[in-house]
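Student: This one is run01.cif, mmCIF, C-alpha atoms.
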```cif
data_upload
#
loop_
_atom_site.group_PDB
_atom_site.id
_atom_site.type_symbol
_atom_site.label_atom_id
_atom_site.label_comp_id
_atom_site.auth_asym_id
_atom_site.auth_seq_id
_atom_site.Cartn_x
_atom_site.Cartn_y
_atom_site.Cartn_z
ATOM 1 C CA MET U 77 -22.481 -65.776 50.611
ATOM 2 C CA THR U 78 -23.946 -62.303 50.801
ATOM 3 C CA ILE U 79 -22.056 -59.620 48.913
ATOM 4 C CA LYS U 80 -22.425 -56.385 50.861
ATOM 5 C CA SER U 81 -24.269 -53.857 48.709
ATOM 6 C CA GLU U 82 -21.932 -50.946 49.492
ATOM 7 C CA LEU U 83 -18.884 -53.008 48.526
ATOM 8 C CA ARG U 84 -20.600 -54.215 45.375
ATOM 9 C CA GLU U 85 -21.290 -50.623 44.318
ATOM 10 C CA GLU U 86 -17.781 -49.512 45.224
ATOM 11 C CA ILE U 87 -16.214 -52.224 43.064
ATOM 12 C CA LEU U 88 -18.629 -51.516 40.235
ATOM 13 C CA GLN U 89 -17.655 -47.834 40.244
ATOM 14 C CA ASN U 90 -13.911 -48.373 40.609
ATOM 15 C CA TYR U 91 -13.486 -51.375 38.301
ATOM 16 C CA ASN U 92 -16.616 -51.261 36.143
ATOM 17 C CA ILE U 93 -17.200 -54.904 37.130
ATOM 18 C CA ASP U 94 -20.253 -56.488 38.711
ATOM 19 C CA ILE U 95 -18.742 -58.634 41.447
ATOM 20 C CA ASN U 96 -21.745 -60.976 41.274
ATOM 21 C CA ASP U 97 -20.480 -62.145 37.884
ATOM 22 C CA LEU U 98 -17.145 -63.262 39.345
ATOM 23 C CA ILE U 99 -17.813 -64.628 42.829
ATOM 24 C CA PRO U 100 -20.002 -67.692 43.418
ATOM 25 C CA LYS U 101 -22.526 -67.029 46.182
ATOM 26 C CA ASN U 102 -23.305 -70.702 46.723
ATOM 27 C CA ASP U 103 -22.187 -74.179 45.644
ATOM 28 C CA LEU U 104 -24.555 -74.330 42.687
ATOM 29 C CA GLU U 105 -22.882 -71.256 41.189
ATOM 30 C CA ALA U 106 -19.395 -72.514 42.113
ATOM 31 C CA TRP U 107 -20.051 -75.831 40.367
ATOM 32 C CA THR U 108 -20.935 -73.964 37.179
ATOM 33 C CA MET U 109 -18.123 -71.403 37.409
ATOM 34 C CA TYR U 110 -15.297 -73.872 38.150
ATOM 35 C CA PRO U 111 -15.993 -77.060 36.168
ATOM 36 C CA GLU U 112 -12.325 -78.067 36.280
ATOM 37 C CA TYR U 113 -12.497 -78.274 40.073
ATOM 38 C CA ASN U 114 -15.864 -79.992 40.489
ATOM 39 C CA PHE U 115 -14.126 -83.124 41.783
ATOM 40 C CA LEU U 116 -13.599 -81.291 45.107
ATOM 41 C CA TYR U 117 -17.296 -81.663 45.865
ATOM 42 C CA ASN U 118 -17.091 -85.454 45.702
ATOM 43 C CA LYS U 119 -16.915 -86.571 49.334
ATOM 44 C CA MET U 120 -15.717 -90.055 48.373
ATOM 45 C CA PHE U 121 -12.747 -88.387 46.663
ATOM 46 C CA ILE U 122 -12.053 -86.383 49.840
ATOM 47 C CA CYS U 123 -12.151 -89.573 51.920
ATOM 48 C CA LYS U 124 -9.911 -91.490 49.522
ATOM 49 C CA TYR U 125 -7.357 -88.663 49.511
ATOM 50 C CA GLN U 126 -7.009 -89.022 53.294
ATOM 51 C CA ASN U 127 -7.369 -92.805 53.570
ATOM 52 C CA ILE U 128 -10.609 -92.435 55.517
ATOM 53 C CA ILE U 129 -12.560 -95.705 55.434
ATOM 54 C CA HIS U 130 -15.540 -95.332 53.099
ATOM 55 C CA TYR U 131 -17.734 -97.336 50.705
ATOM 56 C CA PRO U 132 -20.741 -96.695 48.477
ATOM 57 C CA MET U 133 -24.096 -97.904 49.687
ATOM 58 C CA PRO U 134 -25.233 -100.598 50.272
ATOM 59 C CA ILE U 135 -21.885 -102.229 51.148
ATOM 60 C CA TYR U 136 -21.938 -103.067 54.841
ATOM 61 C CA PRO U 137 -19.289 -101.664 57.199
ATOM 62 C CA ASP U 138 -17.126 -103.885 59.382
ATOM 63 C CA LYS U 139 -17.707 -101.709 62.438
ATOM 64 C CA TYR U 140 -19.814 -98.824 63.694
ATOM 65 C CA PRO U 141 -20.528 -95.972 64.109
ATOM 66 C CA ILE U 142 -20.468 -94.595 60.574
ATOM 67 C CA VAL U 143 -22.038 -91.647 58.779
ATOM 68 C CA ILE U 144 -24.180 -92.030 55.657
ATOM 69 C CA LYS U 145 -24.356 -88.938 53.446
ATOM 70 C CA PRO U 146 -24.680 -87.876 49.814
ATOM 71 C CA ILE U 147 -21.604 -88.281 47.652
ATOM 72 C CA ILE U 148 -22.201 -84.727 46.399
ATOM 73 C CA ASN U 149 -24.337 -82.164 48.205
ATOM 74 C CA LEU U 150 -24.622 -78.700 46.664
ATOM 75 C CA MET U 151 -27.365 -77.629 49.089
ATOM 76 C CA GLY U 152 -25.273 -77.666 52.282
ATOM 77 C CA MET U 153 -26.631 -77.908 55.841
ATOM 78 C CA GLY U 154 -25.639 -81.551 56.269
ATOM 79 C CA LEU U 155 -28.510 -82.555 54.007
ATOM 80 C CA ASN U 156 -29.451 -86.263 54.376
ATOM 81 C CA ALA U 157 -26.452 -87.030 56.583
ATOM 82 C CA VAL U 158 -27.204 -89.543 59.331
ATOM 83 C CA LYS U 159 -25.139 -91.287 61.991
ATOM 84 C CA ILE U 160 -25.560 -95.083 61.995
ATOM 85 C CA ASN U 161 -24.754 -97.240 65.021
ATOM 86 C CA ASN U 162 -25.596 -100.815 63.982
ATOM 87 C CA ASP U 163 -26.819 -103.128 61.190
ATOM 88 C CA LYS U 164 -30.465 -102.545 62.072
ATOM 89 C CA GLU U 165 -30.146 -98.802 61.468
ATOM 90 C CA PHE U 166 -28.030 -99.406 58.356
ATOM 91 C CA ASN U 167 -30.748 -101.607 56.865
ATOM 92 C CA GLN U 168 -33.198 -98.695 57.023
ATOM 93 C CA HIS U 169 -31.040 -96.787 54.528
ATOM 94 C CA LEU U 170 -30.182 -99.475 51.984
ATOM 95 C CA ASN U 171 -32.323 -97.991 49.225
ATOM 96 C CA ASN U 172 -30.297 -94.882 48.492
ATOM 97 C CA ASN U 173 -27.294 -94.089 46.304
ATOM 98 C CA HIS U 174 -25.251 -92.346 48.987
ATOM 99 C CA PHE U 175 -22.034 -93.533 50.611
ATOM 100 C CA TRP U 176 -20.786 -94.028 54.137
ATOM 101 C CA CYS U 177 -17.558 -93.192 55.916
ATOM 102 C CA GLU U 178 -16.147 -93.856 59.349
ATOM 103 C CA TYR U 179 -17.441 -91.625 62.137
ATOM 104 C CA LEU U 180 -14.825 -88.989 62.959
ATOM 105 C CA LYS U 181 -14.313 -87.357 66.343
ATOM 106 C CA GLY U 182 -12.807 -84.000 67.285
ATOM 107 C CA GLU U 183 -13.403 -80.301 66.896
ATOM 108 C CA HIS U 184 -15.622 -79.316 63.976
ATOM 109 C CA LEU U 185 -14.032 -76.328 62.233
ATOM 110 C CA SER U 186 -14.927 -74.328 59.158
ATOM 111 C CA TRP U 187 -11.919 -72.841 57.333
ATOM 112 C CA ASP U 188 -12.121 -69.991 54.833
ATOM 113 C CA ILE U 189 -8.949 -69.993 52.775
ATOM 114 C CA ILE U 190 -8.173 -67.221 50.308
ATOM 115 C CA ILE U 191 -5.925 -68.407 47.482
ATOM 116 C CA ARG U 192 -4.031 -66.604 44.726
ATOM 117 C CA ASN U 193 -2.403 -68.705 42.012
ATOM 118 C CA GLY U 194 -2.261 -71.699 44.314
ATOM 119 C CA HIS U 195 -0.795 -69.809 47.284
ATOM 120 C CA ILE U 196 -2.695 -69.329 50.527
ATOM 121 C CA ILE U 197 -2.786 -65.627 51.386
ATOM 122 C CA PHE U 198 -5.373 -65.494 54.194
ATOM 123 C CA ILE U 199 -7.207 -67.860 56.533
ATOM 124 C CA SER U 200 -10.127 -67.427 58.904
ATOM 125 C CA CYS U 201 -11.657 -70.130 61.075
ATOM 126 C CA PHE U 202 -14.974 -70.672 62.851
ATOM 127 C CA LYS U 203 -15.487 -73.408 65.443
ATOM 128 C CA GLY U 204 -18.827 -75.195 65.592
ATOM 129 C CA TYR U 205 -20.365 -76.057 68.962
ATOM 130 C CA LYS U 206 -22.564 -79.066 68.315
ATOM 131 C CA ASN U 207 -26.222 -79.563 69.099
ATOM 132 C CA LYS U 208 -27.397 -82.858 70.630
ATOM 133 C CA ILE U 209 -29.046 -83.642 67.289
ATOM 134 C CA PHE U 210 -26.548 -84.950 64.732
ATOM 135 C CA GLY U 211 -25.689 -82.444 62.021
ATOM 136 C CA ALA U 212 -26.893 -79.347 63.901
ATOM 137 C CA PHE U 213 -24.954 -76.727 65.841
ATOM 138 C CA ASN U 214 -25.802 -74.479 68.776
ATOM 139 C CA TYR U 215 -23.489 -71.776 67.459
ATOM 140 C CA TRP U 216 -20.260 -71.001 65.626
ATOM 141 C CA LYS U 217 -17.496 -68.775 66.985
ATOM 142 C CA LEU U 218 -14.644 -67.026 65.185
ATOM 143 C CA ILE U 219 -11.331 -68.540 66.328
ATOM 144 C CA LYS U 220 -8.339 -66.179 66.368
ATOM 145 C CA ASN U 221 -5.556 -68.609 67.280
ATOM 146 C CA PHE U 222 -5.368 -71.676 65.060
ATOM 147 C CA LYS U 223 -3.074 -73.816 62.953
ATOM 148 C CA LEU U 224 -4.188 -74.909 59.519
ATOM 149 C CA PRO U 225 -4.093 -78.737 59.318
ATOM 150 C CA ASN U 226 -1.224 -80.013 57.182
ATOM 151 C CA ILE U 227 -3.661 -82.026 55.067
ATOM 152 C CA ILE U 228 -5.254 -78.802 53.798
ATOM 153 C CA ASN U 229 -1.897 -77.277 52.871
ATOM 154 C CA LYS U 230 -1.005 -80.440 50.989
ATOM 155 C CA PHE U 231 -4.416 -80.553 49.305
ATOM 156 C CA VAL U 232 -4.124 -76.966 48.050
ATOM 157 C CA LYS U 233 -0.637 -77.549 46.675
ATOM 158 C CA THR U 234 -1.691 -80.779 44.957
ATOM 159 C CA HIS U 235 -5.085 -79.874 43.510
ATOM 160 C CA LEU U 236 -5.375 -76.058 43.465
ATOM 161 C CA SER U 237 -1.949 -74.976 42.200
ATOM 162 C CA ASP U 238 -3.509 -72.689 39.549
ATOM 163 C CA TYR U 239 -6.575 -71.606 41.503
ATOM 164 C CA THR U 240 -7.427 -68.048 42.552
ATOM 165 C CA GLY U 241 -10.453 -67.507 44.760
ATOM 166 C CA CYS U 242 -12.033 -68.783 47.953
ATOM 167 C CA LEU U 243 -11.964 -72.285 49.393
ATOM 168 C CA ASN U 244 -14.101 -73.345 52.339
ATOM 169 C CA VAL U 245 -13.099 -76.591 54.045
ATOM 170 C CA GLU U 246 -14.842 -78.255 56.973
ATOM 171 C CA THR U 247 -12.733 -80.450 59.211
ATOM 172 C CA ILE U 248 -13.316 -82.789 62.122
ATOM 173 C CA GLY U 249 -10.132 -83.286 64.069
ATOM 174 C CA ASN U 250 -7.481 -82.917 61.377
ATOM 175 C CA ASN U 251 -9.573 -84.611 58.700
ATOM 176 C CA MET U 252 -11.299 -82.808 55.848
ATOM 177 C CA ILE U 253 -14.935 -83.821 55.486
ATOM 178 C CA GLU U 254 -16.000 -81.516 52.643
ATOM 179 C CA CYS U 255 -14.811 -78.689 50.387
ATOM 180 C CA HIS U 256 -16.563 -75.728 48.766
ATOM 181 C CA LEU U 257 -15.296 -73.301 46.117
ATOM 182 C CA ARG U 258 -16.828 -70.255 47.778
ATOM 183 C CA ILE U 259 -16.731 -68.292 51.020
ATOM 184 C CA GLY U 260 -18.135 -70.028 54.081
ATOM 185 C CA ASP U 261 -18.373 -67.730 57.102
ATOM 186 C CA ALA U 262 -15.693 -65.193 56.171
ATOM 187 C CA ASP U 263 -18.410 -62.978 54.694
ATOM 188 C CA GLN U 264 -19.116 -62.027 58.334
ATOM 189 C CA LEU U 265 -15.687 -60.442 58.721
ATOM 190 C CA PRO U 266 -15.395 -56.628 58.830
ATOM 191 C CA LYS U 267 -15.860 -54.763 55.587
ATOM 192 C CA ASP U 268 -12.146 -54.064 55.069
ATOM 193 C CA TYR U 269 -11.439 -57.806 54.995
ATOM 194 C CA LEU U 270 -14.266 -58.457 52.564
ATOM 195 C CA ARG U 271 -13.100 -55.730 50.213
ATOM 196 C CA LEU U 272 -9.696 -57.415 49.912
ATOM 197 C CA ILE U 273 -11.229 -60.879 49.561
ATOM 198 C CA TYR U 274 -13.375 -59.613 46.690
ATOM 199 C CA LEU U 275 -10.483 -57.746 45.077
ATOM 200 C CA ASN U 276 -8.447 -60.960 45.034
ATOM 201 C CA TYR U 277 -10.724 -62.067 42.178
ATOM 202 C CA ILE U 278 -10.246 -58.809 40.282
ATOM 203 C CA ASP U 279 -7.074 -56.820 40.892
ATOM 204 C CA LYS U 280 -3.874 -58.841 40.504
ATOM 205 C CA LYS U 281 -1.709 -55.789 41.204
ATOM 206 C CA ILE U 282 -2.740 -55.449 44.840
ATOM 207 C CA ASP U 283 -0.674 -57.379 47.386
ATOM 208 C CA ILE U 284 -3.704 -58.838 49.154
ATOM 209 C CA LYS U 285 -1.629 -60.769 51.705
ATOM 210 C CA LEU U 286 0.239 -57.625 52.728
ATOM 211 C CA GLU U 287 -2.885 -55.485 52.939
ATOM 212 C CA ILE U 288 -4.780 -58.062 55.026
ATOM 213 C CA SER U 289 -1.795 -58.349 57.403
ATOM 214 C CA LYS U 290 -2.301 -54.669 58.291
ATOM 215 C CA LEU U 291 -5.846 -55.310 59.533
ATOM 216 C CA LYS U 292 -6.824 -56.347 63.051
ATOM 217 C CA LEU U 293 -9.817 -58.344 64.228
ATOM 218 C CA ASN U 294 -10.735 -56.793 67.557
ATOM 219 C CA ARG U 295 -14.268 -58.096 68.125
ATOM 220 C CA GLU U 296 -15.791 -61.500 68.704
ATOM 221 C CA ILE U 297 -18.100 -62.912 66.025
ATOM 222 C CA TYR U 298 -20.769 -65.518 66.772
ATOM 223 C CA LEU U 299 -23.151 -67.214 64.346
ATOM 224 C CA ILE U 300 -26.275 -68.381 66.181
ATOM 225 C CA PRO U 301 -28.912 -70.480 64.381
ATOM 226 C CA VAL U 302 -32.591 -70.451 65.301
ATOM 227 C CA TRP U 303 -34.003 -74.002 65.037
ATOM 228 C CA GLN U 304 -37.425 -75.584 65.042
ATOM 229 C CA LYS U 305 -38.213 -79.279 65.418
ATOM 230 C CA ILE U 306 -40.478 -80.223 62.536
ATOM 231 C CA ASN U 307 -42.269 -83.203 61.074
ATOM 232 C CA GLU U 308 -44.269 -83.966 57.928
ATOM 233 C CA SER U 309 -47.389 -82.286 59.316
ATOM 234 C CA HIS U 310 -45.759 -78.863 59.575
ATOM 235 C CA ASN U 311 -46.713 -76.272 56.986
ATOM 236 C CA LEU U 312 -43.382 -74.550 56.391
ATOM 237 C CA ASP U 313 -44.890 -71.847 54.184
ATOM 238 C CA LYS U 314 -47.283 -70.901 56.981
ATOM 239 C CA ILE U 315 -44.477 -70.802 59.541
ATOM 240 C CA TYR U 316 -42.344 -68.697 57.200
ATOM 241 C CA GLU U 317 -45.146 -66.143 56.811
ATOM 242 C CA TYR U 318 -45.608 -66.069 60.576
ATOM 243 C CA LEU U 319 -41.910 -65.389 61.146
ATOM 244 C CA ILE U 320 -41.970 -62.545 58.615
ATOM 245 C CA GLU U 321 -44.892 -60.927 60.413
ATOM 246 C CA LYS U 322 -43.874 -61.609 64.010
ATOM 247 C CA TRP U 323 -40.079 -61.634 64.121
ATOM 248 C CA GLU U 324 -38.263 -60.251 61.085
ATOM 249 C CA ASP U 325 -38.742 -56.561 61.948
ATOM 250 C CA LYS U 326 -37.704 -57.243 65.540
ATOM 251 C CA ILE U 327 -34.479 -58.772 64.297
ATOM 252 C CA ILE U 328 -33.860 -55.936 61.836
ATOM 253 C CA ASN U 329 -34.408 -53.308 64.545
ATOM 254 C CA ASN U 330 -32.283 -55.091 67.160
ATOM 255 C CA ASP U 331 -29.017 -53.151 67.353
ATOM 256 C CA LYS U 332 -27.223 -56.201 68.762
ATOM 257 C CA ILE U 333 -27.769 -58.175 65.554
ATOM 258 C CA LYS U 334 -24.919 -57.407 63.159
ATOM 259 C CA MET U 335 -26.540 -59.338 60.317
ATOM 260 C CA TYR U 336 -29.029 -62.133 59.843
ATOM 261 C CA TYR U 337 -30.013 -64.768 57.287
ATOM 262 C CA PHE U 338 -33.628 -65.861 56.901
ATOM 263 C CA ASP U 339 -33.959 -69.319 55.342
ATOM 264 C CA LYS U 340 -36.901 -69.895 53.028
ATOM 265 C CA PRO U 341 -39.086 -73.010 53.412
ATOM 266 C CA GLY U 342 -37.248 -74.846 50.625
ATOM 267 C CA HIS U 343 -33.786 -74.237 52.086
ATOM 268 C CA ALA U 344 -31.973 -77.456 53.052
ATOM 269 C CA TYR U 345 -31.888 -78.494 56.701
ATOM 270 C CA PRO U 346 -30.443 -81.394 58.707
ATOM 271 C CA SER U 347 -32.558 -84.234 60.128
ATOM 272 C CA ASN U 348 -35.833 -82.975 61.625
ATOM 273 C CA LEU U 349 -34.483 -79.552 62.594
ATOM 274 C CA LYS U 350 -35.390 -76.617 60.373
ATOM 275 C CA ARG U 351 -33.090 -73.617 60.591
ATOM 276 C CA TRP U 352 -35.066 -70.417 60.136
ATOM 277 C CA PHE U 353 -32.583 -67.690 61.078
ATOM 278 C CA LEU U 354 -28.840 -67.371 61.429
ATOM 279 C CA LEU U 355 -28.056 -64.449 63.725
ATOM 280 C CA VAL U 356 -24.645 -62.786 63.513
ATOM 281 C CA VAL U 357 -23.655 -61.038 66.744
ATOM 282 C CA HIS U 358 -20.670 -59.690 68.639
ATOM 283 C CA GLU U 359 -22.219 -60.471 72.043
ATOM 284 C CA TYR U 360 -23.144 -64.134 72.427
ATOM 285 C CA LYS U 361 -25.601 -63.648 75.320
ATOM 286 C CA LYS U 362 -27.676 -61.119 73.394
ATOM 287 C CA GLY U 363 -27.908 -63.363 70.353
ATOM 288 C CA TYR U 364 -28.677 -66.432 72.481
ATOM 289 C CA GLN U 365 -31.488 -64.643 74.300
ATOM 290 C CA LEU U 366 -33.167 -63.708 71.039
ATOM 291 C CA LYS U 367 -32.659 -67.218 69.682
ATOM 292 C CA LYS U 368 -34.417 -68.759 72.687
ATOM 293 C CA LEU U 369 -37.320 -66.291 72.466
ATOM 294 C CA ILE U 370 -37.996 -67.193 68.838
ATOM 295 C CA GLU U 371 -37.551 -70.935 69.406
ATOM 296 C CA LYS U 372 -39.894 -70.846 72.411
ATOM 297 C CA ASP U 373 -42.483 -68.945 70.391
ATOM 298 C CA LEU U 374 -42.293 -71.545 67.602
ATOM 299 C CA GLU U 375 -42.554 -74.375 70.107
ATOM 300 C CA ASN U 376 -45.671 -72.907 71.737
ATOM 301 C CA ASN U 377 -47.563 -72.386 68.487
ATOM 302 C CA TYR U 378 -49.692 -75.066 66.851
ATOM 303 C CA TRP U 379 -48.803 -75.498 63.206
#
```
Hey, can you dump this file as structure tokens for me?
Tutor:
Amino acid sequence: MTIKSELREEILQNYNIDINDLIPKNDLEAWTMYPEYNFLYNKMFICKYQNIIHYPMPIYPDKYPIVIKPIINLMGMGLNAVKINNDKEFNQHLNNNHFWCEYLKGEHLSWDIIIRNGHIIFISCFKGYKNKIFGAFNYWKLIKNFKLPNIINKFVKTHLSDYTGCLNVETIGNNMIECHLRIGDADQLPKDYLRLIYLNYIDKKIDIKLEISKLKLNREIYLIPVWQKINESHNLDKIYEYLIEKWEDKIINNDKIKMYYFDKPGHAYPSNLKRWFLLVVHEYKKGYQLKKLIEKDLENNYW
């Protein structure tokens, strides 16, 4: 999560509080800040809560496909998750301490849920449009009409009855696949939304739910990743330096790019796809055009 600098300064001046001390920007910070809720990061716990078939490795499944992934992943990006279709593929992953669960089908959604004392006061939702490569996405789009799955409502009431803060939940179909005690994509919402989300941690006198209800989302928001296929021979530090020199200023000076994230070489990535940029745009075509230019440039270079 990126805390907008102008909002950070505004809160510091008005409340004499550094918002960075109160809001986790990633899962590593959330794990440290909320030790009583660390169990939410355990994906086997999430599966058991929903009666999703799952077992620790190396217990064999009765049927395929399945997904092998870490029991806890604080790095994100679907790190080390892999779809398995048969015993032969399963045998290639016996020597790890992960777990597997049944392969779920349906829409992949990312929910940002703002909670005060166990009550949900605001929800935003982004839909992921999947890449052909497992674990990667072509883009994410803000969804304006949605219904929160009942399982999430039940989960919040059961396990977060005293919690105040942000909860990000990813779902496939109506099944939760992972939880995070921080903002997911809601940090791309307009500044007025973010101000209220931040103040939920600080000012208990403000009726956040009422104030958010007065706001209107009148623009589309798309999150468009820039990928590169990589292998062990790639020098990621060299590619990173190249992208700084060749592309970062072009992204900064592109008035169609609302915001961008630039992943460092050590940032987690799924399978053999390295995400370098995440472009935030209001116009999908403009963001997609830039994405393809950068990806084509990376493809044509010898690393």
Student: When distances are computed from only C-alpha atoms, which of U:Lys267, U:Lys217, U:Lys280, U:Arg258 shows the smallest separation from Ile300 in chain U?
Tutor: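 Of all the options, U:Lys217 lies closest to Ile300 in chain U.
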Student: Using all atoms listed in the file, pick whichever of U:Pro225, U:Gly342, U:Pro301, U:Gly204 has the shortest atom-to-atom distance to Leu355 in chain U.
Tutor: U:Pro301
Student: Suppose you want the space between CA of Val232 in chain U and CA of Ile191 in chain U; what is it in Å?
Tutor: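 Computing the Euclidean distance for CA of Val232 in chain U and CA of Ile191 in chain U yields 8.8 Å.
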Student: Which residue gives the smallest distance to Glu359 in chain U among U:Trp107, U:Tyr179, U:Tyr298, U:Tyr345, with only C-alpha atoms counted?
Tutor: U:Tyr298
Student: Identify all residues satisfying the PyMOL selection byres ((chain U and resi 98) around 12) in the given file; provide them as a ChimeraX atom specification.
Tutor: /U:79,84,87-88,93-97,99-101,105-106,108-110,240-242,258,274-278
Student: Only C-alpha atoms, please: the residues just picked out, written as a short mmCIF file (atom, residue, chain, number, x, y, z; two decimals), keeping the file's coordinate frame.
Tutor:
```cif
data_model
loop_
_atom_site.label_atom_id
_atom_site.label_comp_id
_atom_site.auth_asym_id
_atom_site.auth_seq_id
_atom_site.Cartn_x
_atom_site.Cartn_y
_atom_site.Cartn_z
CA ILE U 79 -22.06 -59.62 48.91
CA ARG U 84 -20.60 -54.22 45.38
CA ILE U 87 -16.21 -52.22 43.06
CA LEU U 88 -18.63 -51.52 40.24
CA ILE U 93 -17.20 -54.90 37.13
CA ASP U 94 -20.25 -56.49 38.71
CA ILE U 95 -18.74 -58.63 41.45
CA ASN U 96 -21.74 -60.98 41.27
CA ASP U 97 -20.48 -62.14 37.88
CA ILE U 99 -17.81 -64.63 42.83
CA PRO U 100 -20.00 -67.69 43.42
CA LYS U 101 -22.53 -67.03 46.18
CA GLU U 105 -22.88 -71.26 41.19
CA ALA U 106 -19.40 -72.51 42.11
CA THR U 108 -20.94 -73.96 37.18
CA MET U 109 -18.12 -71.40 37.41
CA TYR U 110 -15.30 -73.87 38.15
CA THR U 240 -7.43 -68.05 42.55
CA GLY U 241 -10.45 -67.51 44.76
CA CYS U 242 -12.03 -68.78 47.95
CA ARG U 258 -16.83 -70.26 47.78
CA TYR U 274 -13.38 -59.61 46.69
CA LEU U 275 -10.48 -57.75 45.08
CA ASN U 276 -8.45 -60.96 45.03
CA TYR U 277 -10.72 -62.07 42.18
CA ILE U 278 -10.25 -58.81 40.28
#
```
Student: Given only C-alpha atoms as the basis, pick out the residue of U:Lys350, U:Lys220, U:Lys164, U:Lys314 nearest to Lys203 in chain U.
Tutor: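 Going through U:Lys350, U:Lys220, U:Lys164, U:Lys314 one by one, the smallest distance to Lys203 in chain U is for U:Lys220.
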Student: Which polymer residues, protein or nucleic acid, are no farther than 9 Å from (-20.6, -81.5, 63.0), counting all atoms listed in the file, as a ChimeraX atom specification?
Tutor: /U:154,183-185,204-207,210-213,246-248
Student: From the set U:Ile273, U:Ile228, U:Ile219, U:Ile320, which residue has the shortest atom-to-atom contact distance to Asn251 in chain U, counting all atoms listed in the file?
Tutor: U:Ile228
Student: Counting only C-alpha atoms, find the residues whose atoms lie at most 12 Å from (-10.3, -60.7, 60.5) (file coordinates) and write them out as a CSV table (one decimal) with C-alpha atoms, in the frame of the given file.
Tutor:
```
chain,number,residue,atom,x,y,z
U,188,ASP,CA,-12.1,-70.0,54.8
U,198,PHE,CA,-5.4,-65.5,54.2
U,199,ILE,CA,-7.2,-67.9,56.5
U,200,SER,CA,-10.1,-67.4,58.9
U,201,CYS,CA,-11.7,-70.1,61.1
U,202,PHE,CA,-15.0,-70.7,62.9
U,218,LEU,CA,-14.6,-67.0,65.2
U,219,ILE,CA,-11.3,-68.5,66.3
U,220,LYS,CA,-8.3,-66.2,66.4
U,221,ASN,CA,-5.6,-68.6,67.3
U,261,ASP,CA,-18.4,-67.7,57.1
U,262,ALA,CA,-15.7,-65.2,56.2
U,263,ASP,CA,-18.4,-63.0,54.7
U,264,GLN,CA,-19.1,-62.0,58.3
U,265,LEU,CA,-15.7,-60.4,58.7
U,266,PRO,CA,-15.4,-56.6,58.8
U,267,LYS,CA,-15.9,-54.8,55.6
U,268,ASP,CA,-12.1,-54.1,55.1
U,269,TYR,CA,-11.4,-57.8,55.0
U,270,LEU,CA,-14.3,-58.5,52.6
U,271,ARG,CA,-13.1,-55.7,50.2
U,272,LEU,CA,-9.7,-57.4,49.9
U,273,ILE,CA,-11.2,-60.9,49.6
U,287,GLU,CA,-2.9,-55.5,52.9
U,288,ILE,CA,-4.8,-58.1,55.0
U,289,SER,CA,-1.8,-58.3,57.4
U,290,LYS,CA,-2.3,-54.7,58.3
U,291,LEU,CA,-5.8,-55.3,59.5
U,292,LYS,CA,-6.8,-56.3,63.1
U,293,LEU,CA,-9.8,-58.3,64.2
U,294,ASN,CA,-10.7,-56.8,67.6
U,295,ARG,CA,-14.3,-58.1,68.1
U,296,GLU,CA,-15.8,-61.5,68.7
U,297,ILE,CA,-18.1,-62.9,66.0
```
Student: Carefully work through the PyMOL selection byres ((chain U and resi 147) around 12) for this structure and note down the residues it includes, as a PyMOL selection string.
Tutor: chain U and resi 115-123+130-133+143-146+148-150+154-157+172-177+253-254
Student: Give me, please, the distance in Å between CA of Leu349 in chain U and CA of Ile209 in chain U, quoted to one decimal.
Tutor: 8.3 Å
Student: Range 184-190 of chain U, all listed atoms, 6 Å padding on each side: what axis-aligned box centre and edge lengths in Å to one decimal come out, as JSON?
Tutor:
```
{"center_x": -11.9, "center_y": -73.3, "center_z": 57.1, "size_x": 19.4, "size_y": 24.1, "size_z": 25.7}
```
Student: Residue by residue, what does the PyMOL selection byres ((chain U and resi 327-330) around 12) grab here? Present the result as a compact mmCIF listing (two decimals) with C-alpha atoms, in the coordinates of the input.
Tutor:
```txt
# COMPACT_ATOMS: atom_id res chain seq x y z
CA VAL U 302 -32.59 -70.45 65.30
CA LEU U 319 -41.91 -65.39 61.15
CA ILE U 320 -41.97 -62.54 58.62
CA GLU U 321 -44.89 -60.93 60.41
CA LYS U 322 -43.87 -61.61 64.01
CA TRP U 323 -40.08 -61.63 64.12
CA GLU U 324 -38.26 -60.25 61.08
CA ASP U 325 -38.74 -56.56 61.95
CA LYS U 326 -37.70 -57.24 65.54
CA ASP U 331 -29.02 -53.15 67.35
CA LYS U 332 -27.22 -56.20 68.76
CA ILE U 333 -27.77 -58.18 65.55
CA LYS U 334 -24.92 -57.41 63.16
CA MET U 335 -26.54 -59.34 60.32
CA TYR U 336 -29.03 -62.13 59.84
CA TYR U 337 -30.01 -64.77 57.29
CA PHE U 338 -33.63 -65.86 56.90
CA PHE U 353 -32.58 -67.69 61.08
CA LEU U 354 -28.84 -67.37 61.43
CA LEU U 355 -28.06 -64.45 63.72
CA VAL U 356 -24.64 -62.79 63.51
CA VAL U 357 -23.66 -61.04 66.74
CA LYS U 362 -27.68 -61.12 73.39
CA GLY U 363 -27.91 -63.36 70.35
CA GLN U 365 -31.49 -64.64 74.30
CA LEU U 366 -33.17 -63.71 71.04
CA LYS U 367 -32.66 -67.22 69.68
CA LEU U 369 -37.32 -66.29 72.47
CA ILE U 370 -38.00 -67.19 68.84
```
Student: Which distance in Å separates CA of His256 in chain U and CA of Asn229 in chain U, to one decimal?
Tutor: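 CA of His256 in chain U sits 15.3 Å away from CA of Asn229 in chain U.
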